Each structure stands twice: as C-alpha cells, then as structure tokens.
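Worksheet: the structure to be examined is printed underneath.
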Amino acid sequence: MDRAQLNQRLPEVVSTLVQSVKSYAHLHHLNRVFLPSREAAVQIVQKLRELAFPGYFGQLGLTTSNLPFRVGQNVMELSDLLFDQVRCCLRYRAQIPDASEEGVSEHAEFDSEAAAIVSKFLDRIPAVRELLAADVQVAFESDPAAENTDETIFCYPGLFAITVQRMAHELYEQDVPLLPRMMSEHAHSVTGIDIHPGAKLGRGFFIDHGTGVVIGETTVIGDHVKIYQGVTLGAIAPAYGQYLRGQKRHPTIEDNVTIYAGATILGGDTVIGKGSVIGGNVFITSSVPAMNQVSAEQPRLKYRARGPKKKPAEGEVILDFQI
Amino acid sequence: MDRAQLNQRLPEVVSTLVQSVKSYAHLHHLNRVFLPSREAAVQIVQKLRELAFPGYFGQLGLTTSNLPFRVGQNVMELSDLLFDQVRCCLRYRAQIPDASEEGVSEHAEFDSEAAAIVSKFLDRIPAVRELLAADVQVAFESDPAAENTDETIFCYPGLFAITVQRMAHELYEQDVPLLPRMMSEHAHSVTGIDIHPGAKLGRGFFIDHGTGVVIGETTVIGDHVKIYQGVTLGAIAPAYGQYLRGQKRHPTIEDNVTIYAGATILGGDTVIGKGSVIGGNVFITSSVPAMNQVSAEQPRLKYRARGPKKKPAEGEVILDFQI
Amino acid sequence: MDRAQLNQRLPEVVSTLVQSVKSYAHLHHLNRVFLPSREAAVQIVQKLRELAFPGYFGQLGLTTSNLPFRVGQNVMELSDLLFDQVRCCLRYRAQIPDASEEGVSEHAEFDSEAAAIVSKFLDRIPAVRELLAADVQVAFESDPAAENTDETIFCYPGLFAITVQRMAHELYEQDVPLLPRMMSEHAHSVTGIDIHPGAKLGRGFFIDHGTGVVIGETTVIGDHVKIYQGVTLGAIAPAYGQYLRGQKRHPTIEDNVTIYAGATILGGDTVIGKGSVIGGNVFITSSVPAMNQVSAEQPRLKYRARGPKKKPAEGEVILDFQI
C-alpha cells in the first residue's frame with residue numbers, strides 16, 4: 001500500500017466511523033446543548049488562585065495602590081467566565097438543545113439562575129480565603145522542609161488541591177452540575193490529589209506531597225487534620241455502585257487526626273476519633289476510638305544470604321526477590 | 001563576578017559541554033534519523049479521543065448533519081499525523097540517517113509499511129469504540145459519585161487512560177516502535193495511571209481515581225474487572241531485567257475480579273481467579289483461587305495515651321508517631 | 001437576579017475582596033520584590049533536559065557539525081534565564097522592594113552573586129551528565145520492557161524526575177532559595193515523582209513507573225539503588241514540624257538496595273543496609289542490616305463463598321468486600 005492508496009481508503013473509513021458513532025448513543029454528544037469547556041474551567045481555577053493569593057501568580061508587581069484595579073479586573077473576568085459556564089451546566093442538566101437549532105432567548109430562566117449562583121459564589125470567596133489562611137499557616141508549621149509560608153503557596157501541590165476543592169465545593173453546595181468536578185479533576189491531573197468537590201474539609205487542613213491521595217464525595221474531615229501521600233478516604237464498593245448514590249459512603253475524620261502515607265480508610269460508618277494517628281499502609285474498615293495510634297504489626301524479617309550482584313550467565317535469571 | 005564576566009565564560013562552558021556530549025554516545029541522538037515527536041503523539045491522542053467520544057472534546061456543536069464532515073476532517077488529519085509518525089518510528093528502528101544527509105526517496109519501503117499500518121489501525125477504531133462503550137457503562141454503574149455517563153467521559157481519568165491504552169495497544173500489536181509508549185506515557189503524565197501499551201484489557205474495565213496504578217506489559221485482564229488507585233500489576237524484578245525480555249512477567253486477572261486501593265500483585269505466573277476480591281494494600285506474589293476474598297490481617301491496635309497537642313518548648317520534639 | 005444585576009454587584013464584591021486581601025498578610029505578596037517565575041523555571045528545566053540529552057528534545061536534526069552552535073545557543077539562553085531567576089530569588093530572600101518603588105542599580109551585590117552562582121552551576125553540568133549516563137544505562141538494564149536506551153530517555157518519567165533533581169540539587173547546594181523547589185515541583189507535577197532538591201542521590205539510580213514516589217530533603221541514597229512506584233523515603237512527623245528544620249529526618253539507603261512498590265521507610269536514623277531488598281507495601285521505621293530481605297507476612301487468605309454477580313433488587317446493596 002502507498003500513501004495515495006491510504007488516502008483513497010479514507011472515505012470508507014469515515015463512513016464506517018459515522019456508523020459507529022450512531023451505534024453507541026452514550027458515547028456521543030450529538031444535537032445537544034453545549035457542554036461546559038475544560039479550558040474555561042482551567043481559566044476559572046487560575047483566576048481564583050490569583051484572588052486567593054494575590055501577587056504570587058499572574059501579573060507581577062502588585063502594590064497597595066494597584067490592588068483594587070487588579071482585583072477589579074480579575075473579578076469582572078471571573079464573573080463573565082463563571083456566568084457562561086454555570087449557565088452552560090444548568091442548560092446541560094435540563095438537556096436544552098443548542099442555540100443553532102433553537103433560539104437562546106427562550107431560556108432566560110437559566111440566565112437568572114446562573115447570575116444568582118455566581119453572585120452568591122463571589123460573596124463566599126472571603127470566607128474561603130479565611131480558611132486558606134489557616135491552611136497556609138499549618139502547612140508551614142507542619143513541614144520542616146518549608147522555609148516560609150511563601151514557599152507553601154508557591155510550591156506545595158497539597159495547598160493547590162485544597163484551594164481548588166474549597167472553591168469547587170462552594171459551587172457543589174449550590175448544586176452546579178459538572179463544573180465543580182471539572183475544576184477538581186484539573187487539580188487532580190496537576191497534583192495527583194483527587195478530592196471530590198463534595199467532601200467537607202475542616203480548618204487548617206494539610207496534605208503533604210499528596211500524590212495518590214483520594215478523598216471521596218461524602219468524606220467529612222475535622223479541624224487540624226494532616227494526611228500524607230497515597231492516603232485513601234474511600235468507599236466499600238458495592239457490586240452495583242449506583243444503588244449507593246446519595247448515601248454517606250466515605251469516612252469521618254475527627255479533629256487533630258494524622259494519617260500517614262498509604263493508609264486506606266474505607267466506609268461511611270468508619271469514624272477516626274479525635275487526636276488519633278493512623279500509621280502508614282494500614283487498611284481500615286472500622287472505627288478507631290479517640291487518642292489512639294493504629295499501626296500494622298511490624299513485618300517479620302526474613303534473613304537470607306544474598307550473593308553479590310553479578311551479571312548472570314546467558315539465560316540465567318536471578319530474581320531480586322525470594323518468593 | 002559580574003554579568004559581563006559570566007558572558008565571557010560562556011564559550012569555555014560551551015566547549016566543555018560539546019566535549020561532554022561527545023563522551024557519552026548513548027545520551028545524544030546525533031547524525032541519526034529523526035525521532036518521533038512528543039507533540040505529534042499528543043495531537044494523535046487528542047484526535048483519537050475526539051473520534052472515540054464525538055461532541056465531548058474539540059469543536060462545539062456537533063449535529064447529525066455536520067457529523068460526517070467533522071469525522072472526515074478529523075480522520076484526514078489523523079491519518080496524516082499517524083503516517084508521518086509511524087514512518088518516523090520505522091525509520092528509527094532501522095537506524096536510517098536523517099534526510100539532510102541522505103535522500104528520502106530511497107526509503108520508500110517505510111512509506112508503504114507505514115501506509116499499511118495506518119490503514120489497518122483506522123479500520124480497528126470502531127472495534128475499540130465498542131469496547132469503550134462497555135467501559136463507559138461500567139464506570140457509571142460502578143461509581144455512586146457519577147451522575148451520568150457524560151460525567152465519566154468528561155471527567156474520569158481512568159477512562160482517559162483506558163481509551164489511550166486501547167488505541168496505543170492497536171499500534172503495539174502492529175509492532176510500531178516508540179509511538180505507542182509515547183502515547184501511553186502522555187496519559188500517564190496526565191492521569192498518574194501507567195498502563196503499558198502491551199497489556200491485554202478485557203471488556204468493561206473500570207479504574208477508579210487511578211493515581212499510581214501500574215499495569216505491566218504482559219498483564220492479561222479479563223472482563224468486568226475493577227481496580228482502584230495505587231494498584232500495581234507488576235513483575236518480580238530480576239537482578240538483570242533484560243534477561244526477561246519477551247517473557248510473561250506480569251499477572252493474569254480473570255473475569256469479575258475487584259482489586260482495592262494499593263494492592264500489589266506481582267509475577268507472570270500469578271493468576272487471580274474469577275470473581276475474587278483483593279483487599280487494599282495487600283502484597284501478593286502467588287495465585288489466588290476463584291471466588292475468594294484476600295485481605296491482610298487486621299492491624300493490631302496499639303492503645304497509648306496521647307496528650308493534647310500543644311506547642312512544645314523550644315528545642316523539644318514531640319513525634320506524632322510512636323516508634 | 002439577571003446578568004445586569006450581577007454586574008452591578010461587582011464593585012461591592014471587589015471592595016470586600018480588597019478588604020479580605022488586606023486582612024491576611026501571609027496570603028498576599030504586596031509591595032515586595034518580584035518573585036521568580038514558574039514559567040521561567042519550566043523553561044530552565046526544558047533547556048537543561050536538551051543539554052542533558054542532545055537531539056532527543058527540542059529542535060530536530062542535530063549533527064556533529066551543528067552541535068557546537070546548538071549547544072552555544074542553548075547555553076546563552078539558559079545563562080540569561082538562570083541569571084534573572086537566581087537574582088530574583090536572592091533579592092526575594094533579602095526582601096528587597098521591587099524596582100518600581102526603588103532603583104534597581106542599588107542592588108548590584110545580587111548581580112555579582114547571581115553571576116557567580118550561574119557560572120559555577122554551568123561548570124557542574126558535565127559532571128551531572130556523567131551521572132545521568134549511568135542512570136540511563138541502569139534504567140535500560142533493569143527494565144525488560146525497555147527496548148533500548150533511547151526509549152528510557154524518551155519515555156521514562158523516572159529518568160526525567162532524576163534529571164531535574166540532579167540539576168536542581170546543584171542550585172540547592174549553592175543555597176539558591178525557591179528556584180530548586182520550583183524545578184522539582186514541575187517534575188513532580190509531570191511525573192508524580194516528588195524528590196526534594198536536597199536529597200543526595202548516588203550513581204546509577206533507577207525509579208520504575210514512579211507515580212507516588214516521595215524522597216525527602218535529607219535522604220541519602222547510595223549507588224545502584226532501584227525503587228518502584230509509591231515508595232516513600234520520609235520523615236516521622238513531629239507535632240510541630242518546624243522544630244526539626246535542618247536535622248536529618250529522612251532515611252539512608254545504602255548501595256545496591258531495591259525497594260518494591262508502596263514501601264514506606266521513615267526516619268532520619270533508619271538505615272537500609274547494603275544489598276538489602278524491601279518488599280512491597282512494607283512500613284519500616286527502624287534500620288535493616290545489610291544483605292537482608294524484608295517482607296510483610298503473607299496475608300491470611302479468607303475463603304468465603306461469593307455468589308455470582310447479579311444485579312441486586314431495587315434498594316438491595318451487595319458489598320463487594322466483606323467487612
């Protein structure tokens with residue numbers, strides 16, 4: 001086959017693919033309302049991060065005198081972006097066909113609902129900033145590797161993921177579909193930290209390193225909780241998950257709990273009591289009383305002679321691990 | 001030293017670096033055939049995602065009437081991108097010097113091989129879409145946090161990683177070097193899910209959250225398997241890995257198996273039997289019979305008095321974890 | 001509320017936010033020296049990667065004849081980028097107000113310090129390349145899935161993370177604030193591998209897959225060490241972390257050690273002796289003698305009858321895992 005022959009085959013390929021598209025209704029988004037845009041969700045996250053930590057991200061040279069103008073510009077742009085995306089999400093939920101097939105003006109109800117949601121959301125930002133102030137302080141105090149609070153704002157993926165979740169949670173609380181999850185999935189992709197927008201996070205929450213952390217939708221976390229990379233606060237999976245929709249499926253972590261790397265805590269009735277400490281790589285599906293330390297038993301040491309590492313003969317395989 | 005003095009030193013720095021480049025032959029790609037482009041691999045992934053789920057990604061406003069034109073445009077661009085990159089990979093394997101040193105026309109054999117591979121690949125897309133239709137359905141049914149199938153297509157990193165792997169696997173099966181791995185490494189970077197293009201995935205495969213999942217080259221996975229974040233389906237490392245090239249080194253997971261967060265299953269002879277469930281954080285290097293649940297023993301609870309958290313005196317260190 | 005009403009509310013929102021910004025001094029960066037730029041840090045990483053592996057990344061078609069010009073161009077651009085960012089970091093540490101409020105010329109001491117640091121850094125690149133040559137060789141030899149060394153350079157996230165860390169470590173050793181951590185956090189975001197710039201890495205270091213790996217600031221790693229995804233080399237967290245600043249808090253891993261997926265090794269006094277092998281998902285807070293294999297006890301198998309998976313009756317929930 002040469003390239004010309006490949007090109008000649010393309011119409012046939014296209015026609016088969018069009019058939020394939022029509023065969024699986026739940027894989028296409030055809031003749032339907034516009035979906036929210038992932039790019040816009042990312043822009044919203046960036047503008048919120050700039051508002052949360054002014055002067056660290058975005059344009060350089062913030063001063064007391066230009067602060068109101070910079071914040072004003074950001075809020076105007078953010079308000080427009082949010083209005084468009086929230087309206088889009090509301091229309092999406094109502095399955096309104098897109099504007100090319102029907103007039104936009106008929107759906108003014110979504111305009112007013114979107115405006116009200118955005119207005120309420122913007123009013124919540126100062127309260128979110130108050131929570132973030134405690135998060136930044138705790139991140140600095142908890143980590144001996146942090147030189148100052150600037151470094152935690154600038155470099156700590158945990159703080160970024162918490163910032164995005166706290167903002168997305170405000171939209172989740174107002175029952176905006178899709179957009180909160182798109183925001184938190186952006187943070188997940190950047191940081192490896194997956195916090196569902198539905199989770200309730202207390203004051204002064206610290207996630208160190210964070211890659212692999214999963215915090216499920218109905219998790220409730222108290223104040224001054226610290227968790228490390230690879231910690232799962234998850235659900236016991238049912239055979240058919242959809243039957244658990246809306247139920248509390250994820251654990252409750254009370255105040256002043258520390259959970260070390262790789263621990264897995266599952267179940268909606270599981271409560272980790274105040275001040276308890278969960279050791280690394282522990283797997284827990286039942287409650288832990290307050291002020292306890294839970295750790296897996298120390299592994300049995302197996303002593304075995306290991307010869308010096310040398311290149312084995314052709315075909316010989318020396319395993320690095322005795323099984 | 002001032003900046004001018006720094007600039008005066010640069011010729012010396014360059015000359016030392018050029019020497020360094022010449023000293024390590026396996027660190028440079030000099031006077032050799034063009035390598036495939038990572039940017040092109042990412043574009044290929046994006047176009048395939050648009051073909052897999054039309055209307056969700058890329059241009060807005062897909063309708064029944066514009067569907068054939070949109071698909072047609074995508075397929076033409078995809079075909080060109082794939083042809084160039086596949087040809088590049090074939091020439092790379094044959095170590096053909098690049099065009100600036102030798103005429104391109106002499107290597108027409110790679111043109112026809114690349115055209116045949118691309119043609120066969122395009123024909124496979126509908127079959128891949130059929131598999132993805134089952135993946136989407138299972139993701140929705142398995143996760144109580146999913147509102148609808150749209151959300152799984154739009155937001156679920158596991159579905160993205162599976163989509164890229166199923167496409168890359170088709171190129172791997174046609175023995176295309178480098179490109180399949182570049183595609184799957186892009187998905188790994190975006191999602192934290194590392195599925196080698198060589199792995200064989202069954203129907204209705206679901207990965208929840210997914211950060212830290214590793215699925216090795218010779219893994220075989222049956223139908224309706226669910227795995228959670230941090231699961232490794234890996235190899236027992238030999239002292240010299242290259243002696244195991246081509247052998248089955250990774251486990252076999254039979255139908256209807258569920259593997260919870262952080263479990264590690266190693267070895268080419270390890271088979272997890274039908275319908276079994278592997279608990280979180282378990283480390284397994286031998287087979288598990290069908291219809292069993294494997295879990296690590298519950299950790300022994302250590303009760304110890306923990307005083308209230310207070311700021312220690314200067315220099316005093318209170319560890320959060322008793323060792 | 002309609003959109004016009006939303007817009008009318010914005011001045012009030014802005015004014016509340018400006019108040020909020022003024023209330024939390026540690027969340028804003030106002031009237032202060034310019035911060036280093038994350039975009040510039042990413043560009044520095046890209047240029048260093050091109051210098052480390054010429055011909056693999058960046059412009060195509062590197063030949064023996066154009067090598068000096070390409071390297072020269074890269075070094076000049078890199079030198080300018082580094083000079084600006086290092087000077088910025090030094091001024092940041094000294095808390096110099098930004099140029100718009102005070103003359104730049106008064107701070108010439110940072111110019112000469114930055115020039116000296118960049119000059120010394122550029123001189124270190126050949127030594128770093130020598131270490132990377134061993135890393136590439138070991139990555140290829142250790143992984144049966146690697147077809148050749150090119151594939152490890154092109155596709156292996158572990159090698160990318162190690163490359164960035166070895167470069168950032170040189171800046172850390174010269175006591176440059178912020179920039180080294182920004183570079184390593186970029187690598188963390190791309191790869192899920194979090195190696196603090198302060199860690200000391202030996203020759204021929206290999207990280208396979210790597211998502212979730214965490215290597216703390218005061219870790220010391222010997223030669224020919226292999227680690228897998230999800231491994232933590234971390235600290236025992238104190239109740240108030242800042243009291244441990246500057247102390248050795250992370251383990252020492254001696255030569256020829258292999259650490260399997262998900263193992264957690266904590267503590268500054270913990271030493272894993274030469275040639276030892278640490279099994280997957282083990283949690284260790286004390287030293288291991290040389291030439292030993294440590295593994296967790298095999299999990300107790302719980303056999304229980306599991307009925308065939310079927311859709312439960314409305315409202316019935318069948319858990320996938322017996323608790």
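Please note that chains go A, B, ... in the order of the structure tokens, that every chain numbers its residues from 1, and that ligands are numbered from 1 in the order shown.
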Original post:
If we count only C-alpha atoms, what is near Val277 in chain C at a cut-off of 6 Å, once residues fewer than 4 positions away on the same chain are taken out, given as a VMD selection string?
Top reply: chain C and resid 257 to 259 293
Give me a file of those residues, with C-alpha atoms, as a compact mmCIF listing (two decimals), in the first residue's frame.
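Produced file part.txt, reproduced below:
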```txt
# COMPACT_ATOMS: atom_id res chain seq x y z
CA VAL C 257 19.30 -1.77 47.66
CA THR C 258 15.98 -2.50 45.90
CA ILE C 259 12.71 -1.16 47.33
CA GLN C 293 15.15 -9.26 52.53
```
Original post:
Using only C-alpha atoms, which residues sit within 8 Å of Ile272 in chain C once same-chain residues fewer than 5 positions away are excluded, as an MDAnalysis selection string?
Top reply: chainID C and resid 251:254 257 287:290
To test your reading of the structure, identify every residue in range 14-237 of chain B that backbone DSSP assigns to helix (DSSP H, G or I), and report it as an mmCIF file with C-alpha atoms, in the first residue's frame.
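File out-v2.cif, as written:
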```cif
data_model
loop_
_atom_site.group_PDB
_atom_site.id
_atom_site.type_symbol
_atom_site.label_atom_id
_atom_site.label_comp_id
_atom_site.auth_asym_id
_atom_site.auth_seq_id
_atom_site.Cartn_x
_atom_site.Cartn_y
_atom_site.Cartn_z
ATOM 1 C CA VAL B 14 30.053 25.512 25.576
ATOM 2 C CA SER B 15 33.282 23.876 24.547
ATOM 3 C CA THR B 16 33.352 21.705 27.700
ATOM 4 C CA LEU B 17 29.730 20.726 27.101
ATOM 5 C CA VAL B 18 30.390 19.767 23.480
ATOM 6 C CA GLN B 19 33.174 17.519 24.763
ATOM 7 C CA SER B 20 30.776 16.070 27.332
ATOM 8 C CA VAL B 21 28.205 15.361 24.610
ATOM 9 C CA LYS B 22 30.791 13.502 22.547
ATOM 10 C CA SER B 23 31.881 11.421 25.554
ATOM 11 C CA ALA B 25 27.285 8.180 22.965
ATOM 12 C CA HIS B 26 24.100 6.802 24.487
ATOM 13 C CA LEU B 27 22.994 10.233 25.755
ATOM 14 C CA ARG B 38 6.068 14.060 21.506
ATOM 15 C CA GLU B 39 3.878 16.972 20.406
ATOM 16 C CA ALA B 40 2.590 14.920 17.469
ATOM 17 C CA ALA B 41 1.906 11.959 19.794
ATOM 18 C CA VAL B 42 -0.209 14.245 21.996
ATOM 19 C CA GLN B 43 -2.121 15.535 18.945
ATOM 20 C CA ILE B 44 -2.793 11.961 17.857
ATOM 21 C CA VAL B 45 -4.176 11.172 21.310
ATOM 22 C CA GLN B 46 -6.453 14.229 21.174
ATOM 23 C CA LYS B 47 -7.828 13.359 17.735
ATOM 24 C CA LEU B 48 -8.460 9.771 18.785
ATOM 25 C CA ARG B 49 -10.276 10.960 21.898
ATOM 26 C CA GLU B 50 -12.487 13.178 19.737
ATOM 27 C CA LEU B 51 -13.250 10.222 17.463
ATOM 28 C CA ALA B 52 -13.959 7.983 20.442
ATOM 29 C CA LEU B 67 -21.140 14.702 11.805
ATOM 30 C CA PRO B 68 -19.756 13.220 8.544
ATOM 31 C CA PHE B 69 -17.811 16.390 7.777
ATOM 32 C CA ARG B 70 -16.362 16.674 11.248
ATOM 33 C CA VAL B 71 -15.403 12.992 11.332
ATOM 34 C CA GLY B 72 -13.991 13.292 7.822
ATOM 35 C CA GLN B 73 -11.819 16.265 8.731
ATOM 36 C CA ASN B 74 -10.563 14.505 11.874
ATOM 37 C CA VAL B 75 -9.744 11.268 10.020
ATOM 38 C CA MET B 76 -7.799 13.091 7.303
ATOM 39 C CA GLU B 77 -5.706 14.992 9.820
ATOM 40 C CA LEU B 78 -5.244 11.922 11.983
ATOM 41 C CA SER B 79 -4.183 9.821 9.005
ATOM 42 C CA ASP B 80 -1.512 12.377 8.038
ATOM 43 C CA LEU B 81 -0.201 12.668 11.583
ATOM 44 C CA LEU B 82 -0.099 8.911 12.063
ATOM 45 C CA PHE B 83 1.542 8.273 8.708
ATOM 46 C CA ASP B 84 4.379 10.709 9.447
ATOM 47 C CA GLN B 85 4.967 9.443 12.977
ATOM 48 C CA VAL B 86 4.718 5.735 12.144
ATOM 49 C CA ARG B 87 7.121 6.173 9.219
ATOM 50 C CA CYS B 88 9.446 8.057 11.506
ATOM 51 C CA CYS B 89 9.324 5.209 14.050
ATOM 52 C CA LEU B 90 10.001 2.569 11.388
ATOM 53 C CA ARG B 91 12.986 4.508 10.055
ATOM 54 C CA TYR B 92 14.169 4.991 13.592
ATOM 55 C CA ARG B 93 14.137 1.241 14.218
ATOM 56 C CA VAL B 104 14.465 10.434 1.477
ATOM 57 C CA SER B 105 13.295 8.780 -1.704
ATOM 58 C CA GLU B 106 15.493 5.748 -1.128
ATOM 59 C CA HIS B 107 13.403 4.614 1.784
ATOM 60 C CA ALA B 108 10.065 4.153 0.065
ATOM 61 C CA GLU B 109 9.701 0.756 1.780
ATOM 62 C CA PHE B 110 8.884 2.570 5.021
ATOM 63 C CA ASP B 111 6.247 4.649 3.210
ATOM 64 C CA SER B 112 4.312 1.594 2.162
ATOM 65 C CA GLU B 113 4.731 -0.180 5.515
ATOM 66 C CA ALA B 114 3.534 2.962 7.323
ATOM 67 C CA ALA B 115 0.536 3.337 4.986
ATOM 68 C CA ALA B 116 -0.479 -0.286 5.587
ATOM 69 C CA ILE B 117 -0.174 0.087 9.360
ATOM 70 C CA VAL B 118 -2.218 3.299 9.440
ATOM 71 C CA SER B 119 -4.885 1.818 7.194
ATOM 72 C CA LYS B 120 -5.252 -1.250 9.420
ATOM 73 C CA PHE B 121 -5.250 0.920 12.527
ATOM 74 C CA LEU B 122 -8.056 3.151 11.239
ATOM 75 C CA ASP B 123 -10.113 0.053 10.493
ATOM 76 C CA ARG B 124 -9.769 -1.035 14.124
ATOM 77 C CA ILE B 125 -11.221 2.159 15.638
ATOM 78 C CA PRO B 126 -14.868 1.014 15.511
ATOM 79 C CA ALA B 127 -13.959 -2.168 17.431
ATOM 80 C CA VAL B 128 -12.116 -0.062 20.017
ATOM 81 C CA ARG B 129 -15.202 2.168 20.308
ATOM 82 C CA GLU B 130 -17.308 -0.888 21.017
ATOM 83 C CA LEU B 131 -15.018 -1.744 23.941
ATOM 84 C CA LEU B 132 -15.112 1.847 25.159
ATOM 85 C CA ALA B 133 -18.918 1.770 25.142
ATOM 86 C CA ALA B 134 -18.780 -1.038 27.713
ATOM 87 C CA ASP B 135 -16.097 0.775 29.730
ATOM 88 C CA VAL B 136 -18.248 3.921 29.967
ATOM 89 C CA GLN B 137 -21.299 1.932 31.055
ATOM 90 C CA VAL B 138 -19.370 0.081 33.766
ATOM 91 C CA ALA B 139 -17.735 3.268 35.060
ATOM 92 C CA PHE B 140 -21.143 4.836 35.532
ATOM 93 C CA GLU B 141 -22.691 1.766 37.142
ATOM 94 C CA SER B 142 -19.764 1.188 39.484
ATOM 95 C CA THR B 149 -22.268 8.576 31.653
ATOM 96 C CA ASP B 150 -21.388 12.074 30.367
ATOM 97 C CA GLU B 151 -19.557 12.788 33.598
ATOM 98 C CA THR B 152 -17.429 9.653 33.243
ATOM 99 C CA ILE B 153 -16.463 10.635 29.684
ATOM 100 C CA PHE B 154 -15.802 14.213 30.648
ATOM 101 C CA CYS B 155 -14.036 13.903 33.984
ATOM 102 C CA PRO B 157 -9.033 9.988 34.361
ATOM 103 C CA GLY B 158 -9.373 6.188 34.386
ATOM 104 C CA LEU B 159 -11.498 6.251 31.239
ATOM 105 C CA PHE B 160 -8.993 8.560 29.534
ATOM 106 C CA ALA B 161 -6.087 6.256 30.380
ATOM 107 C CA ILE B 162 -8.037 3.199 29.167
ATOM 108 C CA THR B 163 -9.013 4.992 25.936
ATOM 109 C CA VAL B 164 -5.394 5.877 25.170
ATOM 110 C CA GLN B 165 -4.189 2.364 26.053
ATOM 111 C CA ARG B 166 -6.768 0.624 23.860
ATOM 112 C CA MET B 167 -5.724 2.819 20.909
ATOM 113 C CA ALA B 168 -1.970 2.506 21.616
ATOM 114 C CA HIS B 169 -2.387 -1.266 22.011
ATOM 115 C CA GLU B 170 -3.558 -1.481 18.381
ATOM 116 C CA LEU B 171 -0.285 0.129 17.247
ATOM 117 C CA TYR B 172 1.688 -2.108 19.640
ATOM 118 C CA GLU B 173 0.022 -5.177 18.110
ATOM 119 C CA LEU B 179 4.916 5.696 19.398
ATOM 120 C CA PRO B 180 2.555 3.505 21.487
ATOM 121 C CA ARG B 181 4.678 4.051 24.606
ATOM 122 C CA MET B 182 4.818 7.809 23.938
ATOM 123 C CA MET B 183 1.020 7.864 23.767
ATOM 124 C CA SER B 184 0.602 5.902 26.984
ATOM 125 C CA GLU B 185 3.252 7.982 28.782
ATOM 126 C CA HIS B 186 1.266 11.095 27.863
ATOM 127 C CA ALA B 187 -1.778 9.529 29.531
ATOM 128 C CA HIS B 188 0.431 8.530 32.494
ATOM 129 C CA SER B 189 1.607 12.112 32.922
ATOM 130 C CA VAL B 190 -1.948 13.489 32.773
ATOM 131 C CA THR B 191 -3.608 10.840 34.968
#
```
Subject >> Between CA of Glu147 in chain C and CA of Val213 in chain C - distance in Å to one decimal >> reply: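 The value is 24.1 Å.
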Subject >> Minimum-distance residue to chain B, chosen among C:His29, C:Arg3, C:Lys200, C:Arg245 (using only C-alpha atoms) >> reply: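 Selected residue with least distance to chain B: C:Arg245.
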**OP:** Pick out the closest residue to chain A from this set: C:His196, C:Lys274, C:His209, C:His28. Count only C-alpha atoms.
**Re:**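 Selected residue with least distance to chain A: C:His28.
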**OP:** Mind listing the strand (DSSP E) residues of range 137-239 of chain C, per DSSP on the backbone, as a list in words?
**Re:** Asp194, Ile195, Phe206, Ile207, Asp208, Val214, Ile215, Val220, Ile221, Lys226, Ile227, Tyr228, Thr232, Leu233 and Gly234 of chain C
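Ranking C:Pro54, C:Pro11, C:Gly275, C:Pro177 by their shortest atom-to-atom distance to chain B, with only C-alpha atoms included, puts C:Pro54 first.
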Subject >> Coordinates-based distance that separates CA of Glu217 in chain B from CA of Val33 in chain B (Å, one decimal) >> reply: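 CA of Val33 in chain B sits 26.8 Å away from CA of Glu217 in chain B.
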Original post:
Hey, what's within 8 Å of Val282 in chain C if we count only C-alpha atoms and toss same-chain stuff fewer than 4 positions away? As a list in words, please?
Top reply: Asn281 and Pro299 of chain A; Gly262, Ala263, Thr264, Ile278, Val294, Ser295 and Ala296 of chain C
For the selection you just gave me, I'd like the residues written to a file as a tab-separated table (two decimals), in the first residue's frame, keeping C-alpha atoms.
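What ended up in again-v9.tsv:
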```
chain	number	residue	atom	x	y	z
A	281	ASN	CA	-0.04	1.48	54.71
A	299	PRO	CA	6.83	-7.11	59.34
C	262	GLY	CA	4.43	1.06	48.03
C	263	ALA	CA	7.03	0.52	50.73
C	264	THR	CA	7.31	3.32	53.30
C	278	ILE	CA	12.49	-4.27	50.85
C	294	VAL	CA	12.31	-7.67	54.48
C	295	SER	CA	8.77	-8.52	53.65
C	296	ALA	CA	5.43	-8.35	55.38
```
Original post:
Got a sec: who's within 10 Å of Thr219 in chain B, counting only C-alpha atoms, leaving out chain neighbours fewer than 2 positions off, as a list in words?
Top reply: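 These residues fall inside the cut-off: Ile195, His196, Gly198, Ala199, Lys200, Leu201, Ile215, Gly216, Glu217, Ile221, Leu233, Gly234, Ala235, Lys248, Arg249, His250, Pro251, Thr252, Ile253, Leu266, Gly267 and Gly268 of chain B.
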